[in-house]
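File shown: entry-v7.txt (compact mmCIF, C-alpha atoms).
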# COMPACT_ATOMS: atom_id res chain seq x y z
CA MET J 13 -98.63 32.82 -33.30
CA GLN J 14 -99.39 33.73 -29.65
CA PRO J 15 -97.25 36.29 -27.79
CA LEU J 16 -96.35 33.66 -25.20
CA GLN J 17 -95.08 31.21 -27.81
CA GLN J 18 -93.13 34.02 -29.44
CA GLU J 19 -91.51 34.73 -26.08
CA ASP J 20 -90.75 31.05 -25.54
CA ALA J 21 -89.17 30.74 -28.96
CA GLN J 22 -87.15 33.84 -28.29
CA ARG J 23 -85.84 32.57 -25.00
CA SER J 24 -84.83 29.23 -26.40
CA THR J 25 -82.91 30.91 -29.23
CA GLU J 26 -80.88 32.95 -26.75
CA LEU J 27 -80.26 29.93 -24.56
CA HIS J 28 -79.22 27.80 -27.54
CA GLN J 29 -76.64 30.42 -28.52
CA GLU J 30 -75.50 30.83 -24.92
CA VAL J 31 -74.89 27.09 -24.56
CA GLN J 32 -73.01 26.95 -27.88
CA HIS J 33 -70.81 29.81 -26.69
CA PHE J 34 -70.30 28.18 -23.31
CA TYR J 35 -69.17 24.92 -24.92
CA ALA J 36 -66.77 26.72 -27.26
CA ARG J 37 -65.11 28.49 -24.31
CA GLN J 38 -65.15 25.40 -22.14
CA MET J 39 -63.58 23.08 -24.69
CA LEU J 40 -60.95 25.64 -25.67
CA HIS J 41 -59.90 25.72 -21.99
CA LEU J 42 -59.62 21.91 -22.01
CA ASP J 43 -57.77 21.74 -25.33
CA ASN J 44 -55.40 24.51 -24.21
CA GLY J 45 -54.63 22.56 -21.04
CA HIS J 46 -56.07 25.30 -18.79
CA ALA J 47 -57.15 22.96 -16.03
CA VAL J 48 -58.25 25.63 -13.52
CA GLU J 49 -60.44 27.45 -16.04
CA TRP J 50 -61.83 24.13 -17.23
CA ALA J 51 -62.74 23.05 -13.70
CA ALA J 52 -64.40 26.43 -13.09
CA THR J 53 -66.94 25.64 -15.84
CA PHE J 54 -68.35 22.97 -13.53
CA THR J 55 -70.25 23.68 -10.30
CA GLU J 56 -68.25 23.28 -7.08
CA ASP J 57 -69.75 19.77 -6.69
CA GLY J 58 -69.94 19.11 -10.43
CA VAL J 59 -69.86 15.52 -11.70
CA PHE J 60 -68.14 14.17 -14.80
CA ALA J 61 -69.28 10.62 -15.57
CA ALA J 62 -68.15 8.57 -18.56
CA ASN J 63 -68.78 5.03 -19.72
CA ALA J 64 -64.99 4.77 -20.13
CA HIS J 65 -64.35 5.49 -16.43
CA PRO J 66 -65.12 3.10 -13.58
CA GLN J 67 -66.07 6.00 -11.26
CA PRO J 68 -67.40 9.49 -11.95
CA THR J 69 -65.06 12.39 -11.24
CA GLN J 70 -66.64 14.58 -8.59
CA GLY J 71 -66.00 18.19 -7.56
CA ARG J 72 -63.75 20.84 -9.07
CA ALA J 73 -60.54 19.64 -7.42
CA GLN J 74 -60.82 16.17 -8.98
CA ILE J 75 -61.97 17.59 -12.33
CA GLU J 76 -59.02 19.98 -12.35
CA SER J 77 -56.42 17.35 -11.48
CA GLY J 78 -57.88 14.99 -14.07
CA ALA J 79 -57.55 17.65 -16.76
CA ARG J 80 -54.02 18.55 -15.65
CA GLU J 81 -52.91 14.92 -15.84
CA ALA J 82 -54.53 14.46 -19.27
CA ALA J 83 -52.83 17.65 -20.55
CA ARG J 84 -49.47 16.44 -19.25
CA LYS J 85 -49.76 13.13 -21.12
CA LEU J 86 -50.87 14.80 -24.35
CA ALA J 87 -47.96 17.26 -24.16
CA GLU J 88 -45.55 14.35 -23.61
CA GLN J 89 -46.95 12.64 -26.70
CA GLY J 90 -46.88 15.88 -28.70
CA LEU J 91 -50.61 15.67 -29.38
CA GLN J 92 -53.01 18.58 -29.83
CA ARG J 93 -56.56 17.54 -29.04
CA ARG J 94 -59.69 19.33 -30.23
CA HIS J 95 -63.10 18.60 -28.74
CA TRP J 96 -65.97 19.35 -31.09
CA LEU J 97 -69.56 19.42 -29.81
CA GLY J 98 -72.42 19.59 -32.26
CA MET J 99 -75.99 18.52 -33.05
CA LEU J 100 -77.04 20.31 -29.89
CA GLN J 101 -80.46 20.07 -28.24
CA VAL J 102 -81.16 22.41 -25.34
CA ASP J 103 -84.21 22.33 -23.07
CA GLU J 104 -84.89 24.29 -19.90
CA ASP J 105 -87.00 22.92 -17.06
CA VAL J 106 -89.29 25.11 -15.00
CA ASP J 107 -86.84 24.73 -12.09
CA GLY J 108 -84.05 26.30 -14.16
CA HIS J 109 -82.17 23.08 -14.91
CA ILE J 110 -80.99 23.03 -18.50
CA THR J 111 -80.51 19.74 -20.28
CA ALA J 112 -78.12 19.90 -23.21
CA ARG J 113 -77.57 16.88 -25.41
CA SER J 114 -74.90 16.84 -28.06
CA TYR J 115 -72.62 14.71 -30.19
CA ALA J 116 -68.89 14.99 -29.53
CA LEU J 117 -65.82 14.28 -31.64
CA ILE J 118 -62.26 14.20 -30.41
CA ILE J 119 -59.66 15.08 -33.06
CA GLU J 120 -55.97 14.53 -32.42
CA THR J 121 -52.99 15.96 -34.29
CA PRO J 122 -49.36 15.01 -33.61
CA VAL J 123 -46.58 17.54 -34.21
CA ASN J 124 -45.75 17.35 -37.93
CA GLY J 125 -48.25 14.53 -38.24
CA GLN J 126 -51.67 13.68 -39.62
CA ALA J 127 -54.86 14.88 -37.89
CA ALA J 128 -57.10 11.95 -36.99
CA LEU J 129 -60.52 11.30 -35.58
CA ARG J 130 -59.94 9.57 -32.27
CA LEU J 131 -63.37 9.20 -30.66
CA SER J 132 -67.06 9.71 -31.34
CA CYS J 133 -69.25 10.22 -28.27
CA THR J 134 -72.50 11.59 -26.98
CA CYS J 135 -72.50 14.23 -24.24
CA ASP J 136 -75.48 14.67 -21.91
CA ASP J 137 -75.24 17.68 -19.62
CA VAL J 138 -77.32 19.18 -16.87
CA LEU J 139 -76.39 22.87 -16.75
CA VAL J 140 -77.35 25.40 -14.11
CA ARG J 141 -76.93 29.15 -13.87
CA VAL J 142 -74.66 30.35 -11.04
CA ASP J 143 -74.43 34.16 -10.64
CA GLY J 144 -75.82 34.45 -14.18
CA ARG J 145 -73.26 32.14 -15.77
CA LEU J 146 -73.75 28.61 -17.02
CA GLN J 147 -71.97 25.78 -15.21
CA VAL J 148 -72.08 22.01 -15.61
CA LEU J 149 -73.81 20.29 -12.72
CA ARG J 150 -73.49 16.84 -14.27
CA ARG J 151 -71.96 15.57 -17.50
CA GLU J 152 -72.30 12.06 -18.90
CA VAL J 153 -70.04 11.18 -21.81
CA HIS J 154 -70.76 7.98 -23.66
CA ARG J 155 -68.10 6.70 -26.08
CA ASP J 156 -69.63 5.05 -29.13
CA ASP J 157 -67.04 2.26 -29.13
CA ILE J 158 -67.94 1.09 -25.61
CA ARG J 159 -71.39 -0.49 -25.55
CA MET Y 19 -80.44 50.25 -39.24
CA GLN Y 20 -84.19 50.29 -40.03
CA PRO Y 21 -86.74 48.69 -37.65
CA LEU Y 22 -87.87 46.38 -40.47
CA GLN Y 23 -84.35 45.07 -41.08
CA GLN Y 24 -83.95 44.59 -37.35
CA GLU Y 25 -87.13 42.49 -37.36
CA ASP Y 26 -85.96 40.49 -40.36
CA ALA Y 27 -82.63 39.75 -38.70
CA GLN Y 28 -84.45 38.69 -35.57
CA ARG Y 29 -86.68 36.28 -37.39
CA SER Y 30 -83.86 34.67 -39.22
CA THR Y 31 -81.96 34.14 -35.96
CA GLU Y 32 -84.90 32.26 -34.47
CA LEU Y 33 -85.37 30.21 -37.61
CA HIS Y 34 -81.68 29.37 -37.80
CA GLN Y 35 -81.78 28.06 -34.22
CA GLU Y 36 -85.04 26.20 -34.87
CA VAL Y 37 -83.57 24.41 -37.90
CA GLN Y 38 -80.40 23.50 -35.96
CA HIS Y 39 -82.56 22.05 -33.20
CA PHE Y 40 -84.75 20.21 -35.70
CA TYR Y 41 -81.71 18.61 -37.33
CA ALA Y 42 -80.26 17.55 -33.97
CA ARG Y 43 -83.53 15.82 -33.03
CA GLN Y 44 -84.02 14.35 -36.48
CA MET Y 45 -80.54 12.86 -36.77
CA LEU Y 46 -80.63 11.47 -33.24
CA HIS Y 47 -83.79 9.58 -34.23
CA LEU Y 48 -82.00 8.18 -37.28
CA ASP Y 49 -78.82 7.28 -35.38
CA ASN Y 50 -80.87 5.65 -32.60
CA GLY Y 51 -82.70 3.53 -35.18
CA HIS Y 52 -86.07 5.12 -34.35
CA ALA Y 53 -87.52 4.68 -37.83
CA VAL Y 54 -91.07 5.86 -37.02
CA GLU Y 55 -89.89 9.09 -35.36
CA TRP Y 56 -87.42 9.65 -38.21
CA ALA Y 57 -90.12 9.23 -40.85
CA ALA Y 58 -92.38 11.65 -38.92
CA THR Y 59 -89.83 14.43 -39.48
CA PHE Y 60 -90.77 14.32 -43.18
CA THR Y 61 -94.11 15.45 -44.61
CA GLU Y 62 -96.58 12.65 -45.46
CA ASP Y 63 -95.43 12.87 -49.09
CA GLY Y 64 -91.83 13.80 -48.24
CA VAL Y 65 -89.06 12.96 -50.69
CA PHE Y 66 -85.54 11.76 -49.91
CA ALA Y 67 -83.31 11.92 -52.99
CA ALA Y 68 -79.62 11.04 -53.05
CA ASN Y 69 -77.01 10.83 -55.79
CA ALA Y 70 -76.18 7.38 -54.35
CA HIS Y 71 -79.72 6.07 -54.99
CA PRO Y 72 -81.18 5.31 -58.43
CA GLN Y 73 -84.65 6.48 -57.30
CA PRO Y 74 -85.80 8.94 -54.63
CA THR Y 75 -87.56 7.49 -51.60
CA GLN Y 76 -91.05 8.93 -51.44
CA GLY Y 77 -93.58 9.16 -48.61
CA ARG Y 78 -93.27 8.31 -44.92
CA ALA Y 79 -93.88 4.57 -45.33
CA GLN Y 80 -90.91 4.18 -47.70
CA ILE Y 81 -88.74 6.52 -45.65
CA GLU Y 82 -89.55 4.55 -42.50
CA SER Y 83 -88.85 1.14 -44.02
CA GLY Y 84 -85.61 2.43 -45.52
CA ALA Y 85 -84.44 3.63 -42.11
CA ARG Y 86 -85.51 0.38 -40.42
CA GLU Y 87 -83.55 -1.70 -42.94
CA ALA Y 88 -80.47 0.52 -42.58
CA ALA Y 89 -80.67 0.28 -38.77
CA ARG Y 90 -80.95 -3.52 -38.98
CA LYS Y 91 -77.79 -3.77 -41.10
CA LEU Y 92 -75.81 -1.42 -38.86
CA ALA Y 93 -76.86 -3.38 -35.76
CA GLU Y 94 -75.77 -6.62 -37.46
CA GLN Y 95 -72.37 -5.09 -38.19
CA GLY Y 96 -72.11 -3.63 -34.68
CA LEU Y 97 -71.77 -0.11 -36.04
CA GLN Y 98 -72.93 3.10 -34.36
CA ARG Y 99 -73.48 5.84 -36.92
CA ARG Y 100 -73.55 9.55 -36.18
CA HIS Y 101 -74.85 12.07 -38.69
CA TRP Y 102 -73.39 15.57 -38.25
CA LEU Y 103 -74.89 18.52 -40.11
CA GLY Y 104 -73.06 21.83 -40.10
CA MET Y 105 -72.19 24.98 -42.06
CA LEU Y 106 -75.91 25.68 -42.24
CA GLN Y 107 -77.56 28.32 -44.42
CA VAL Y 108 -81.28 28.93 -43.90
CA ASP Y 109 -83.53 31.12 -46.06
CA GLU Y 110 -87.29 31.53 -45.95
CA ASP Y 111 -89.36 32.33 -49.03
CA VAL Y 112 -92.41 34.57 -48.92
CA ASP Y 113 -94.57 31.45 -49.43
CA GLY Y 114 -93.20 29.89 -46.22
CA HIS Y 115 -90.87 27.39 -47.89
CA ILE Y 116 -87.59 27.21 -46.04
CA THR Y 117 -84.45 26.22 -47.88
CA ALA Y 118 -81.72 24.84 -45.66
CA ARG Y 119 -78.32 23.98 -47.09
CA SER Y 120 -75.71 22.19 -45.02
CA TYR Y 121 -72.65 20.00 -45.06
CA ALA Y 122 -73.00 16.49 -43.63
CA LEU Y 123 -70.55 14.01 -42.20
CA ILE Y 124 -71.25 10.39 -41.37
CA ILE Y 125 -69.09 8.97 -38.59
CA GLU Y 126 -69.07 5.24 -37.86
CA THR Y 127 -67.80 3.44 -34.77
CA PRO Y 128 -67.62 -0.36 -34.42
CA VAL Y 129 -68.01 -1.98 -30.99
CA ASN Y 130 -64.56 -1.84 -29.33
CA GLY Y 131 -63.20 -0.32 -32.54
CA GLN Y 132 -61.92 2.90 -34.02
CA ALA Y 133 -64.28 5.74 -34.96
CA ALA Y 134 -63.93 6.67 -38.62
CA LEU Y 135 -65.19 9.25 -41.05
CA ARG Y 136 -67.25 7.34 -43.58
CA LEU Y 137 -68.82 9.96 -45.85
CA SER Y 138 -68.79 13.68 -46.59
CA CYS Y 139 -71.93 15.04 -48.25
CA THR Y 140 -74.01 18.13 -48.89
CA CYS Y 141 -77.65 18.22 -47.78
CA ASP Y 142 -80.18 20.49 -49.50
CA ASP Y 143 -83.58 20.59 -47.81
CA VAL Y 144 -86.90 22.25 -48.47
CA LEU Y 145 -88.63 22.50 -45.10
CA VAL Y 146 -92.23 23.46 -44.41
CA ARG Y 147 -94.15 24.15 -41.24
CA VAL Y 148 -96.98 21.72 -40.46
CA ASP Y 149 -99.07 22.58 -37.37
CA GLY Y 150 -96.22 24.84 -36.27
CA ARG Y 151 -93.50 22.19 -36.56
CA LEU Y 152 -90.81 21.88 -39.20
CA GLN Y 153 -90.92 18.92 -41.56
CA VAL Y 154 -88.82 17.98 -44.59
CA LEU Y 155 -90.74 18.31 -47.85
CA ARG Y 156 -87.74 17.36 -49.97
CA ARG Y 157 -84.14 16.40 -49.14
CA GLU Y 158 -81.32 15.99 -51.62
CA VAL Y 159 -78.15 14.41 -50.33
CA HIS Y 160 -75.09 14.57 -52.53
CA ARG Y 161 -72.14 12.35 -51.60
CA ASP Y 162 -68.81 14.03 -52.35
CA ASP Y 163 -67.28 10.80 -53.66
CA ILE Y 164 -69.93 10.36 -56.38
CA ARG Y 165 -69.56 13.00 -59.10
CA MET H 1 -82.36 40.14 -15.18
CA GLN H 2 -81.91 43.83 -16.14
CA PRO H 3 -83.36 45.19 -19.42
CA LEU H 4 -79.88 46.21 -20.57
CA GLN H 5 -78.45 42.73 -20.04
CA GLN H 6 -81.43 41.29 -21.88
CA GLU H 7 -80.66 43.58 -24.80
CA ASP H 8 -76.98 42.64 -24.75
CA ALA H 9 -77.78 38.95 -24.76
CA GLN H 10 -80.18 39.51 -27.63
CA ARG H 11 -77.65 41.32 -29.74
CA SER H 12 -75.01 38.70 -29.23
CA THR H 13 -77.45 35.95 -30.26
CA GLU H 14 -78.17 37.71 -33.56
CA LEU H 15 -74.49 38.32 -34.18
CA HIS H 16 -73.59 34.72 -33.38
CA GLN H 17 -76.14 33.50 -35.94
CA GLU H 18 -75.02 36.09 -38.48
CA VAL H 19 -71.38 34.97 -38.18
CA GLN H 20 -72.37 31.29 -38.49
CA HIS H 21 -74.33 32.13 -41.63
CA PHE H 22 -71.47 34.21 -43.02
CA TYR H 23 -69.02 31.35 -42.52
CA ALA H 24 -71.34 28.83 -44.17
CA ARG H 25 -71.68 31.05 -47.25
CA GLN H 26 -67.99 31.94 -47.28
CA MET H 27 -66.72 28.38 -47.06
CA LEU H 28 -69.20 27.12 -49.65
CA HIS H 29 -67.74 29.72 -52.06
CA LEU H 30 -64.24 28.43 -51.31
CA ASP H 31 -65.21 24.74 -51.59
CA ASN H 32 -67.09 25.42 -54.83
CA GLY H 33 -64.00 27.11 -56.27
CA HIS H 34 -65.77 30.47 -56.60
CA ALA H 35 -62.65 32.56 -56.13
CA VAL H 36 -64.23 35.97 -56.87
CA GLU H 37 -67.08 35.45 -54.39
CA TRP H 38 -64.61 34.08 -51.82
CA ALA H 39 -62.34 37.12 -52.16
CA ALA H 40 -65.36 39.43 -51.79
CA THR H 41 -65.93 38.08 -48.27
CA PHE H 42 -62.70 39.85 -47.27
CA THR H 43 -62.29 43.63 -47.06
CA GLU H 44 -60.47 45.26 -50.00
CA ASP H 45 -57.25 45.21 -47.94
CA GLY H 46 -58.12 41.97 -46.10
CA VAL H 47 -55.30 39.80 -44.76
CA PHE H 48 -55.12 36.00 -44.69
CA ALA H 49 -52.26 34.81 -42.47
CA ALA H 50 -51.45 31.17 -41.75
CA ASN H 51 -48.71 29.42 -39.83
CA ALA H 52 -48.29 27.23 -42.93
CA HIS H 53 -47.44 30.23 -45.15
CA PRO H 54 -44.22 32.23 -44.99
CA GLN H 55 -46.06 35.48 -45.82
CA PRO H 56 -49.66 36.60 -45.28
CA THR H 57 -51.83 36.98 -48.36
CA GLN H 58 -52.95 40.60 -48.58
CA GLY H 59 -55.78 42.25 -50.48
CA ARG H 60 -58.61 40.76 -52.55
CA ALA H 61 -56.57 40.28 -55.73
CA GLN H 62 -54.03 38.04 -53.95
CA ILE H 63 -56.72 36.23 -51.99
CA GLU H 64 -58.65 35.58 -55.20
CA SER H 65 -55.66 34.29 -57.15
CA GLY H 66 -54.65 32.09 -54.22
CA ALA H 67 -58.10 30.51 -54.13
CA ARG H 68 -58.17 30.08 -57.91
CA GLU H 69 -54.80 28.30 -57.89
CA ALA H 70 -55.86 26.05 -54.98
CA ALA H 71 -59.13 25.18 -56.77
CA ARG H 72 -57.23 24.34 -59.95
CA LYS H 73 -54.94 21.91 -58.10
CA LEU H 74 -57.82 20.24 -56.26
CA ALA H 75 -59.73 19.81 -59.53
CA GLU H 76 -56.64 18.26 -61.14
CA GLN H 77 -56.40 15.81 -58.24
CA GLY H 78 -60.14 15.10 -58.32
CA LEU H 79 -60.55 16.21 -54.72
CA GLN H 80 -63.62 17.82 -53.17
CA ARG H 81 -62.68 19.81 -50.09
CA ARG H 82 -65.06 20.82 -47.32
CA HIS H 83 -64.14 23.42 -44.73
CA TRP H 84 -66.01 23.03 -41.45
CA LEU H 85 -65.89 25.78 -38.82
CA GLY H 86 -67.26 25.12 -35.36
CA MET H 87 -66.91 25.79 -31.64
CA LEU H 88 -67.42 29.46 -32.44
CA GLN H 89 -66.89 32.34 -30.02
CA VAL H 90 -67.97 35.80 -31.15
CA ASP H 91 -67.31 39.08 -29.36
CA GLU H 92 -67.95 42.63 -30.52
CA ASP H 93 -65.78 45.55 -29.43
CA VAL H 94 -67.21 49.00 -28.80
CA ASP H 95 -65.49 50.16 -32.02
CA GLY H 96 -67.47 47.62 -34.06
CA HIS H 97 -64.63 45.15 -34.58
CA ILE H 98 -65.87 41.61 -34.18
CA THR H 99 -63.50 38.89 -33.06
CA ALA H 100 -64.57 35.39 -34.03
CA ARG H 101 -62.58 32.38 -32.85
CA SER H 102 -63.34 28.92 -34.15
CA TYR H 103 -62.00 25.45 -34.76
CA ALA H 104 -61.66 24.35 -38.38
CA LEU H 105 -61.55 20.96 -40.06
CA ILE H 106 -60.67 20.30 -43.67
CA ILE H 107 -62.26 17.17 -45.12
CA GLU H 108 -61.17 15.82 -48.51
CA THR H 109 -62.94 13.31 -50.74
CA PRO H 110 -61.46 11.90 -53.96
CA VAL H 111 -63.78 10.89 -56.82
CA ASN H 112 -64.98 7.36 -56.03
CA GLY H 113 -62.74 7.38 -52.96
CA GLN H 114 -62.80 7.57 -49.20
CA ALA H 115 -63.51 10.85 -47.39
CA ALA H 116 -60.69 11.74 -45.02
CA LEU H 117 -59.86 14.31 -42.39
CA ARG H 118 -56.94 16.26 -43.78
CA LEU H 119 -56.29 19.08 -41.30
CA SER H 120 -57.35 20.38 -37.91
CA CYS H 121 -56.82 24.10 -37.33
CA THR H 122 -57.88 27.11 -35.34
CA CYS H 123 -59.24 30.19 -37.10
CA ASP H 124 -59.03 33.64 -35.52
CA ASP H 125 -60.87 36.36 -37.42
CA VAL H 126 -61.37 40.07 -37.08
CA LEU H 127 -64.61 40.87 -38.87
CA VAL H 128 -65.99 44.29 -39.75
CA ARG H 129 -69.29 45.45 -41.18
CA VAL H 130 -69.10 47.10 -44.60
CA ASP H 131 -72.41 48.50 -45.92
CA GLY H 132 -74.18 46.30 -43.38
CA ARG H 133 -72.44 43.08 -44.41
CA LEU H 134 -69.74 41.17 -42.58
CA GLN H 135 -66.27 40.98 -44.14
CA VAL H 136 -62.99 39.54 -42.91
CA LEU H 137 -60.44 42.23 -42.09
CA ARG H 138 -57.85 39.74 -40.86
CA ARG H 139 -57.81 35.94 -40.60
CA GLU H 140 -55.17 33.87 -38.86
CA VAL H 141 -55.27 30.15 -39.46
CA HIS H 142 -53.12 27.96 -37.26
CA ARG H 143 -52.64 24.33 -38.32
CA ASP H 144 -52.46 21.98 -35.32
CA ASP H 145 -49.67 19.93 -36.90
CA ILE H 146 -47.32 22.93 -37.22
CA ARG H 147 -46.13 24.08 -33.80
Do you think you could lay out the structure here as structure tokens?
Amino acid sequence: MQPLQQEDAQRSTELHQEVQHFYARQMLHLDNGHAVEWAATFTEDGVFAANAHPQPTQGRAQIESGAREAARKLAEQGLQRRHWLGMLQVDEDVDGHITARSYALIIETPVNGQAALRLSCTCDDVLVRVDGRLQVLRREVHRDDIR
Amino acid sequence: MQPLQQEDAQRSTELHQEVQHFYARQMLHLDNGHAVEWAATFTEDGVFAANAHPQPTQGRAQIESGAREAARKLAEQGLQRRHWLGMLQVDEDVDGHITARSYALIIETPVNGQAALRLSCTCDDVLVRVDGRLQVLRREVHRDDIR
Amino acid sequence: MQPLQQEDAQRSTELHQEVQHFYARQMLHLDNGHAVEWAATFTEDGVFAANAHPQPTQGRAQIESGAREAARKLAEQGLQRRHWLGMLQVDEDVDGHITARSYALIIETPVNGQAALRLSCTCDDVLVRVDGRLQVLRREVHRDDIR
């Protein structure tokens, strides 16, 4: 194996771990209803597009208020949501854009009730590094039930 | 900690990431119904054995036609399948054979319907490196409902 | 990027993989009903606390007998359980204590029956290294249905 390939492999391993870690932190913010921290994982002009939404959500203010409203409804219904991302593929372009593709499951548990699988999705992200930290520039979530 | 152990740990980290990446790509091919690309993730003489099948599927041609037939049926039924592998253990033998053990879930979503957990399995692979890329030499899938 | 940061990132990647591997082995022991091997993944005085239990389980002997009793009941009911951990965050303190936070799902499959999601939880571990190997010093499992 060539030194360069070794270096490439090395880098991709670190990045793969970094993205996994980033997603774990990000989704815990969302599931905990921490709307400000959640919004801060997107770039200032970050975009959240979904095949379930007529329009993409754009910019941190919109992303934050969307998360706050969703958290309010879930609290009203007594539901704890958990977002699982898995089956992750990470690739970095020469310009520093990172594409991260994953599968996503949303699990919901009512107080004193039965945990249930609510949604299966794919999640396609473009991530960038801002001051050394990963942020989502654009996310596209595709629900498997809407085709 | 000895330098050698450090090196060993390093190698295993890269391999663990590489296998995770390989599975993500491989299962996306299967779930997208890309039978040719799916079959190419096995060696030419690759074996797919399952406790749900009377005989193992052997060789790329059989593996490809099996995947094509499965994709046809799922499309007919309007079902999107997602294969999740997780809880992965990877070990490399001195002869370059890689054993990868994982848990597997199959999630199914009908058009405009409710996502559901269909199967829980274990997946035991022997992987080899062909021209630098991982391929499955032998896979054994064990469904938890069949004992 | 500074050499020191590079080294830090590297270390955390190895540790992240090591914890993933540890969990895969640990949960396979539990799901296989190997109570002795399961208990050995905790420190001698390891603690297993859960919001579903009135008292924490303390020490390997208790942890082992708890797992043996659980395995006996599941076998009686013909249930195969699978514990999935995911969305993992790992951080190491300067004193060598490792905190590992994850989401957990418990999947259950009856003989000849339908796999089902039984529980969604969070799992907060303090891990330590004993003779070079990870062990659980303290685990806190929080079921999402009990709040």
For this session: Do a neighbour search on range 138-154 of chain Y at 9 Å with all atoms listed in the file, toss out local chain neighbours closer than 6 positions, and write the hits as a VMD selection string.
Result: (chain J and resid 13) or (chain Y and resid 36 to 37 40 58 to 61 64 to 66 103 114 to 124 160 to 163) or (chain H and resid 82 107 to 109 114 to 116)
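Near chain Y, counting all atoms listed in the file at 7 Å, the chain H residues are Glu14, Gln17, His21, Ala24, Gln80, Trp84, Thr109, Pro110, Val111, Asn112, Gly113, Ala115 and Ala116 of chain H.
Note that CA of Gln26 in chain H and CA of Arg157 in chain Y are 22.5 Å apart.
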For this session: Grab the CA of Glu158 in chain Y to CA of Gln77 in chain H distance for me, in Å with one decimal place.
Result: 25.8 Å
Seminar exercise, completed: Atom pair CA of Leu149 in chain J + CA of Asn44 in chain J, distance 22.1 Å
Residues within 7 Å of Gly51 in chain Y, please, as a CSV table (one decimal) with C-alpha atoms, in the frame of the given file. Count only C-alpha atoms; anything in the same chain fewer than 3 positions from it doesn't count.
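After the write, selection-v4.csv holds the following:
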chain,number,residue,atom,x,y,z
Y,47,HIS,CA,-83.8,9.6,-34.2
Y,48,LEU,CA,-82.0,8.2,-37.3
Y,86,ARG,CA,-85.5,0.4,-40.4
Y,89,ALA,CA,-80.7,0.3,-38.8
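Residue nearest Leu28 in chain H within the list H:Arg81, H:Asp91, H:Val141, H:Asp45: H:Arg81 [criterion: smallest interatomic distance, all atoms listed in the file].
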